[in-house]
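To keep things clear, I will list the structure first and then write my remarks on it.
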Amino acid sequence: QVQLVESGGGLVQAGGSLRLSCVASGSIFSSNAMGWYRQAPGKARGLVAAIESGGSTRYVDSVKGRFIISRDNAKNTVYLQMNNLKPEDTAQYYCNVFPSQRNYWGQGTQVTVSS
């Protein structure tokens with residue numbers, strides 16, 4: 001059974017930083033691209049960043065230069081370092097494989113950025 005557990009969210013002032021972590025159980029991690037996704041109130045969930053098994057990364061334009069996605073295959077963990085946070089980054093953040101699989105969504109972790 002696949003389980004993805006996110007952590008690291010919280011309340012931070014604009015300009016601050018947070019580091020999110022996602023630990024994956026099961027056999028999905030090492031051979032799959034992984035992604036971080038977010039959903040703000042009233043908006044659809046969307047991709048923030050993704051990392052291939054070999055380390056190649058991609059980002060949505062709104063976070064380029066501020067967020068860094070990384071992975072530790074030995075720990076089955078994917079990270080999202082978020083710097084220079086803005087109020088518009090406020091959302092529930094989730095990890096999943098990339099492209100996402102409906103059955104893999106976890107509880108997510110809330111990030112709130114105050115102005």
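Numbering starts fresh at 1 for the residues of each chain in the structure tokens, the chains themselves are lettered A, B, ... in the order given, and ligands are numbered from 1 as they appear.
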
May I have the residues within 7 Å of region 16-29 of chain A as a PDB file with N, CA and C atoms, in the first residue's frame, using only C-alpha atoms and disregarding those fewer than 2 positions away in the same chain?
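The resulting file, result.pdb, is shown below:
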```pdb
ATOM      1  N   GLN A   1       0.848  -1.180   0.000  1.00  0.00           N
ATOM      2  CA  GLN A   1       0.000   0.000   0.000  1.00  0.00           C
ATOM      3  C   GLN A   1       0.889   1.237   0.000  1.00  0.00           C
ATOM      4  N   VAL A   2       0.589   2.147  -0.901  1.00  0.00           N
ATOM      5  CA  VAL A   2       1.365   3.376  -1.002  1.00  0.00           C
ATOM      6  C   VAL A   2       0.874   4.393   0.008  1.00  0.00           C
ATOM      7  N   GLN A   3       1.811   5.029   0.682  1.00  0.00           N
ATOM      8  CA  GLN A   3       1.463   6.096   1.613  1.00  0.00           C
ATOM      9  C   GLN A   3       2.475   7.220   1.467  1.00  0.00           C
ATOM     10  N   LEU A   4       1.972   8.435   1.374  1.00  0.00           N
ATOM     11  CA  LEU A   4       2.805   9.624   1.278  1.00  0.00           C
ATOM     12  C   LEU A   4       2.462  10.520   2.453  1.00  0.00           C
ATOM     13  N   VAL A   5       3.457  10.888   3.241  1.00  0.00           N
ATOM     14  CA  VAL A   5       3.222  11.682   4.446  1.00  0.00           C
ATOM     15  C   VAL A   5       4.022  12.973   4.359  1.00  0.00           C
ATOM     16  N   GLU A   6       3.303  14.078   4.304  1.00  0.00           N
ATOM     17  CA  GLU A   6       3.920  15.390   4.200  1.00  0.00           C
ATOM     18  C   GLU A   6       4.065  16.031   5.583  1.00  0.00           C
ATOM     19  N   SER A   7       5.094  16.850   5.735  1.00  0.00           N
ATOM     20  CA  SER A   7       5.305  17.589   6.970  1.00  0.00           C
ATOM     21  C   SER A   7       6.109  18.842   6.688  1.00  0.00           C
ATOM     22  N   GLY A   8       6.158  19.728   7.679  1.00  0.00           N
ATOM     23  CA  GLY A   8       6.999  20.905   7.566  1.00  0.00           C
ATOM     24  C   GLY A   8       6.277  22.214   7.332  1.00  0.00           C
ATOM     25  N   GLY A   9       4.977  22.150   7.148  1.00  0.00           N
ATOM     26  CA  GLY A   9       4.233  23.378   6.930  1.00  0.00           C
ATOM     27  C   GLY A   9       4.127  24.211   8.197  1.00  0.00           C
ATOM     28  N   VAL A  12       4.257  31.536   8.482  1.00  0.00           N
ATOM     29  CA  VAL A  12       5.502  32.282   8.327  1.00  0.00           C
ATOM     30  C   VAL A  12       5.185  33.654   7.744  1.00  0.00           C
ATOM     31  N   GLN A  13       6.003  34.626   8.059  1.00  0.00           N
ATOM     32  CA  GLN A  13       5.826  35.955   7.487  1.00  0.00           C
ATOM     33  C   GLN A  13       6.369  36.001   6.070  1.00  0.00           C
ATOM     34  N   ALA A  14       5.840  36.911   5.303  1.00  0.00           N
ATOM     35  CA  ALA A  14       6.332  37.104   3.942  1.00  0.00           C
ATOM     36  C   ALA A  14       7.839  37.348   3.974  1.00  0.00           C
ATOM     37  N   SER A  31      11.818   4.758  -8.548  1.00  0.00           N
ATOM     38  CA  SER A  31      11.747   4.717 -10.002  1.00  0.00           C
ATOM     39  C   SER A  31      10.813   5.754 -10.601  1.00  0.00           C
ATOM     40  N   ASN A  32      10.213   6.572  -9.764  1.00  0.00           N
ATOM     41  CA  ASN A  32       9.232   7.531 -10.234  1.00  0.00           C
ATOM     42  C   ASN A  32       9.683   8.970 -10.057  1.00  0.00           C
ATOM     43  N   ASN A  76      13.748   7.625   0.773  1.00  0.00           N
ATOM     44  CA  ASN A  76      12.401   7.698   0.184  1.00  0.00           C
ATOM     45  C   ASN A  76      11.722   9.030   0.510  1.00  0.00           C
ATOM     46  N   THR A  77      12.485  10.094   0.428  1.00  0.00           N
ATOM     47  CA  THR A  77      11.991  11.402   0.846  1.00  0.00           C
ATOM     48  C   THR A  77      12.227  12.441  -0.243  1.00  0.00           C
ATOM     49  N   VAL A  78      11.216  13.272  -0.442  1.00  0.00           N
ATOM     50  CA  VAL A  78      11.338  14.400  -1.344  1.00  0.00           C
ATOM     51  C   VAL A  78      11.115  15.672  -0.522  1.00  0.00           C
ATOM     52  N   TYR A  79      11.877  16.702  -0.838  1.00  0.00           N
ATOM     53  CA  TYR A  79      11.850  17.948  -0.088  1.00  0.00           C
ATOM     54  C   TYR A  79      11.439  19.107  -0.988  1.00  0.00           C
ATOM     55  N   LEU A  80      10.905  20.133  -0.352  1.00  0.00           N
ATOM     56  CA  LEU A  80      10.654  21.384  -1.055  1.00  0.00           C
ATOM     57  C   LEU A  80      11.129  22.514  -0.152  1.00  0.00           C
ATOM     58  N   GLN A  81      12.249  23.106  -0.540  1.00  0.00           N
ATOM     59  CA  GLN A  81      12.768  24.267   0.173  1.00  0.00           C
ATOM     60  C   GLN A  81      12.096  25.502  -0.415  1.00  0.00           C
ATOM     61  N   MET A  82      11.408  26.248   0.414  1.00  0.00           N
ATOM     62  CA  MET A  82      10.663  27.414  -0.041  1.00  0.00           C
ATOM     63  C   MET A  82      11.249  28.667   0.596  1.00  0.00           C
ATOM     64  N   ASN A  83      11.767  29.536  -0.227  1.00  0.00           N
ATOM     65  CA  ASN A  83      12.391  30.770   0.226  1.00  0.00           C
ATOM     66  C   ASN A  83      11.610  31.975  -0.287  1.00  0.00           C
ATOM     67  N   ASN A  84      11.824  33.112   0.368  1.00  0.00           N
ATOM     68  CA  ASN A  84      11.158  34.347  -0.040  1.00  0.00           C
ATOM     69  C   ASN A  84       9.662  34.112  -0.254  1.00  0.00           C
ATOM     70  N   LEU A  85       9.048  33.528   0.739  1.00  0.00           N
ATOM     71  CA  LEU A  85       7.635  33.182   0.616  1.00  0.00           C
ATOM     72  C   LEU A  85       6.756  34.416   0.508  1.00  0.00           C
ATOM     73  N   CYS A  95       2.444  16.059  -1.745  1.00  0.00           N
ATOM     74  CA  CYS A  95       3.350  15.404  -2.671  1.00  0.00           C
ATOM     75  C   CYS A  95       2.632  14.214  -3.307  1.00  0.00           C
TER      76      CYS A  95
END
```

If we count only C-alpha atoms and set the cut-off at 10 Å, which residues sit around region 100-103 of chain A, ignoring sequence neighbours fewer than 2 positions away in its own chain? Please answer as a PDB file with N, CA, C and O atoms, in the first residue's frame.
```
ATOM      1  N   VAL A   2       0.589   2.147  -0.901  1.00  0.00           N
ATOM      2  CA  VAL A   2       1.365   3.376  -1.002  1.00  0.00           C
ATOM      3  C   VAL A   2       0.874   4.393   0.008  1.00  0.00           C
ATOM      4  O   VAL A   2      -0.326   4.608   0.163  1.00  0.00           O
ATOM      5  N   GLN A   3       1.811   5.029   0.682  1.00  0.00           N
ATOM      6  CA  GLN A   3       1.463   6.096   1.613  1.00  0.00           C
ATOM      7  C   GLN A   3       2.475   7.220   1.467  1.00  0.00           C
ATOM      8  O   GLN A   3       3.683   6.976   1.402  1.00  0.00           O
ATOM      9  N   ALA A  33       9.242   9.816 -10.983  1.00  0.00           N
ATOM     10  CA  ALA A  33       9.338  11.246 -10.738  1.00  0.00           C
ATOM     11  C   ALA A  33       8.379  11.599  -9.618  1.00  0.00           C
ATOM     12  O   ALA A  33       7.299  11.002  -9.491  1.00  0.00           O
ATOM     13  N   MET A  34       8.777  12.558  -8.788  1.00  0.00           N
ATOM     14  CA  MET A  34       7.946  12.997  -7.665  1.00  0.00           C
ATOM     15  C   MET A  34       7.634  14.471  -7.828  1.00  0.00           C
ATOM     16  O   MET A  34       8.426  15.238  -8.385  1.00  0.00           O
ATOM     17  N   GLY A  35       6.484  14.862  -7.316  1.00  0.00           N
ATOM     18  CA  GLY A  35       6.079  16.250  -7.442  1.00  0.00           C
ATOM     19  C   GLY A  35       5.504  16.802  -6.160  1.00  0.00           C
ATOM     20  O   GLY A  35       5.003  16.056  -5.322  1.00  0.00           O
ATOM     21  N   TRP A  36       5.624  18.101  -6.026  1.00  0.00           N
ATOM     22  CA  TRP A  36       4.913  18.843  -4.988  1.00  0.00           C
ATOM     23  C   TRP A  36       3.797  19.617  -5.673  1.00  0.00           C
ATOM     24  O   TRP A  36       4.003  20.248  -6.722  1.00  0.00           O
ATOM     25  N   TYR A  37       2.644  19.579  -5.045  1.00  0.00           N
ATOM     26  CA  TYR A  37       1.454  20.221  -5.577  1.00  0.00           C
ATOM     27  C   TYR A  37       0.860  21.100  -4.476  1.00  0.00           C
ATOM     28  O   TYR A  37       1.145  20.889  -3.293  1.00  0.00           O
ATOM     29  N   GLY A  46      -2.660  22.160  -8.158  1.00  0.00           N
ATOM     30  CA  GLY A  46      -1.768  22.212  -9.304  1.00  0.00           C
ATOM     31  C   GLY A  46      -0.330  21.926  -8.928  1.00  0.00           C
ATOM     32  O   GLY A  46       0.045  22.020  -7.762  1.00  0.00           O
ATOM     33  N   LEU A  47       0.450  21.590  -9.924  1.00  0.00           N
ATOM     34  CA  LEU A  47       1.856  21.278  -9.719  1.00  0.00           C
ATOM     35  C   LEU A  47       2.641  22.530  -9.333  1.00  0.00           C
ATOM     36  O   LEU A  47       2.454  23.596  -9.911  1.00  0.00           O
ATOM     37  N   CYS A  95       2.444  16.059  -1.745  1.00  0.00           N
ATOM     38  CA  CYS A  95       3.350  15.404  -2.671  1.00  0.00           C
ATOM     39  C   CYS A  95       2.632  14.214  -3.307  1.00  0.00           C
ATOM     40  O   CYS A  95       1.646  13.706  -2.793  1.00  0.00           O
ATOM     41  N   ASN A  96       3.140  13.815  -4.444  1.00  0.00           N
ATOM     42  CA  ASN A  96       2.576  12.700  -5.198  1.00  0.00           C
ATOM     43  C   ASN A  96       3.618  12.346  -6.241  1.00  0.00           C
ATOM     44  O   ASN A  96       4.609  13.058  -6.431  1.00  0.00           O
ATOM     45  N   VAL A  97       3.408  11.271  -6.919  1.00  0.00           N
ATOM     46  CA  VAL A  97       4.258  10.993  -8.068  1.00  0.00           C
ATOM     47  C   VAL A  97       3.916  12.034  -9.136  1.00  0.00           C
ATOM     48  O   VAL A  97       2.927  12.759  -9.053  1.00  0.00           O
ATOM     49  N   PHE A  98       4.762  12.124 -10.161  1.00  0.00           N
ATOM     50  CA  PHE A  98       4.518  13.030 -11.267  1.00  0.00           C
ATOM     51  C   PHE A  98       4.561  12.246 -12.569  1.00  0.00           C
ATOM     52  O   PHE A  98       5.578  11.595 -12.850  1.00  0.00           O
ATOM     53  N   TRP A 105      -2.889  10.515  -3.048  1.00  0.00           N
ATOM     54  CA  TRP A 105      -2.923  11.769  -2.300  1.00  0.00           C
ATOM     55  C   TRP A 105      -2.969  11.516  -0.799  1.00  0.00           C
ATOM     56  O   TRP A 105      -3.734  10.689  -0.315  1.00  0.00           O
ATOM     57  N   GLY A 106      -2.123  12.255  -0.060  1.00  0.00           N
ATOM     58  CA  GLY A 106      -2.125  12.205   1.381  1.00  0.00           C
ATOM     59  C   GLY A 106      -2.895  13.370   1.965  1.00  0.00           C
ATOM     60  O   GLY A 106      -3.696  14.006   1.282  1.00  0.00           O
TER      61      GLY A 106
END
```

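Among A:Asn73, A:Thr90, A:Leu11, A:Ser115, the residue with the shortest atom-to-atom distance to Ala40 (chain A), counting only C-alpha atoms, is A:Thr90.
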
Test item: residues at most 8 Å from Gln92 (chain A), only C-alpha atoms, excluding those fewer than 2 positions along its chain, as number ranges by chain: A: 38-40, 90, 94, 108-111

Selection export as a PDB file, in the first residue's frame, atoms kept: C-alpha atoms:
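Output saved as selection_12.pdb:
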```pdb
ATOM      1  CA  ARG A  38      -0.619  22.870  -3.840  1.00  0.00           C
ATOM      2  CA  GLN A  39      -4.231  23.880  -3.501  1.00  0.00           C
ATOM      3  CA  ALA A  40      -5.321  27.288  -2.304  1.00  0.00           C
ATOM      4  CA  THR A  90      -0.551  30.170   1.049  1.00  0.00           C
ATOM      5  CA  TYR A  94       0.854  17.780  -1.180  1.00  0.00           C
ATOM      6  CA  GLY A 108      -0.927  17.438   2.868  1.00  0.00           C
ATOM      7  CA  THR A 109       0.628  20.137   4.993  1.00  0.00           C
ATOM      8  CA  GLN A 110      -0.662  23.690   5.359  1.00  0.00           C
ATOM      9  CA  VAL A 111       1.522  26.656   4.516  1.00  0.00           C
TER      10      VAL A 111
END
```

Region 23-63 of chain A: residues DSSP assigns to strand (DSSP E or B), reported as a list in words: Val23, Ala24, Met34, Gly35, Trp36, Tyr37, Arg38, Gln39, Gly46, Leu47, Val48, Ala49, Ala50, Ile51, Thr57, Arg58 and Tyr59 of chain A

Å distance separating CA of Ala44 (chain A) from CA of Gln107 (chain A), one decimal place: 15.7 Å

Those of chain A in DSSP helix (DSSP H, G or I), formatted as a count of residues only: 12

Proximity to Ala91 (chain A) - best of A:Ser70, A:Val113, A:Val60, A:Tyr104, only C-alpha atoms: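 Looking at the shortest contact to Ala91 (chain A), the residue is A:Val113.
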
Coordinates-based distance that separates CA of Ser30 (chain A) from CA of Ser53 (chain A) (Å, one decimal):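 So the answer is 6.4 Å.
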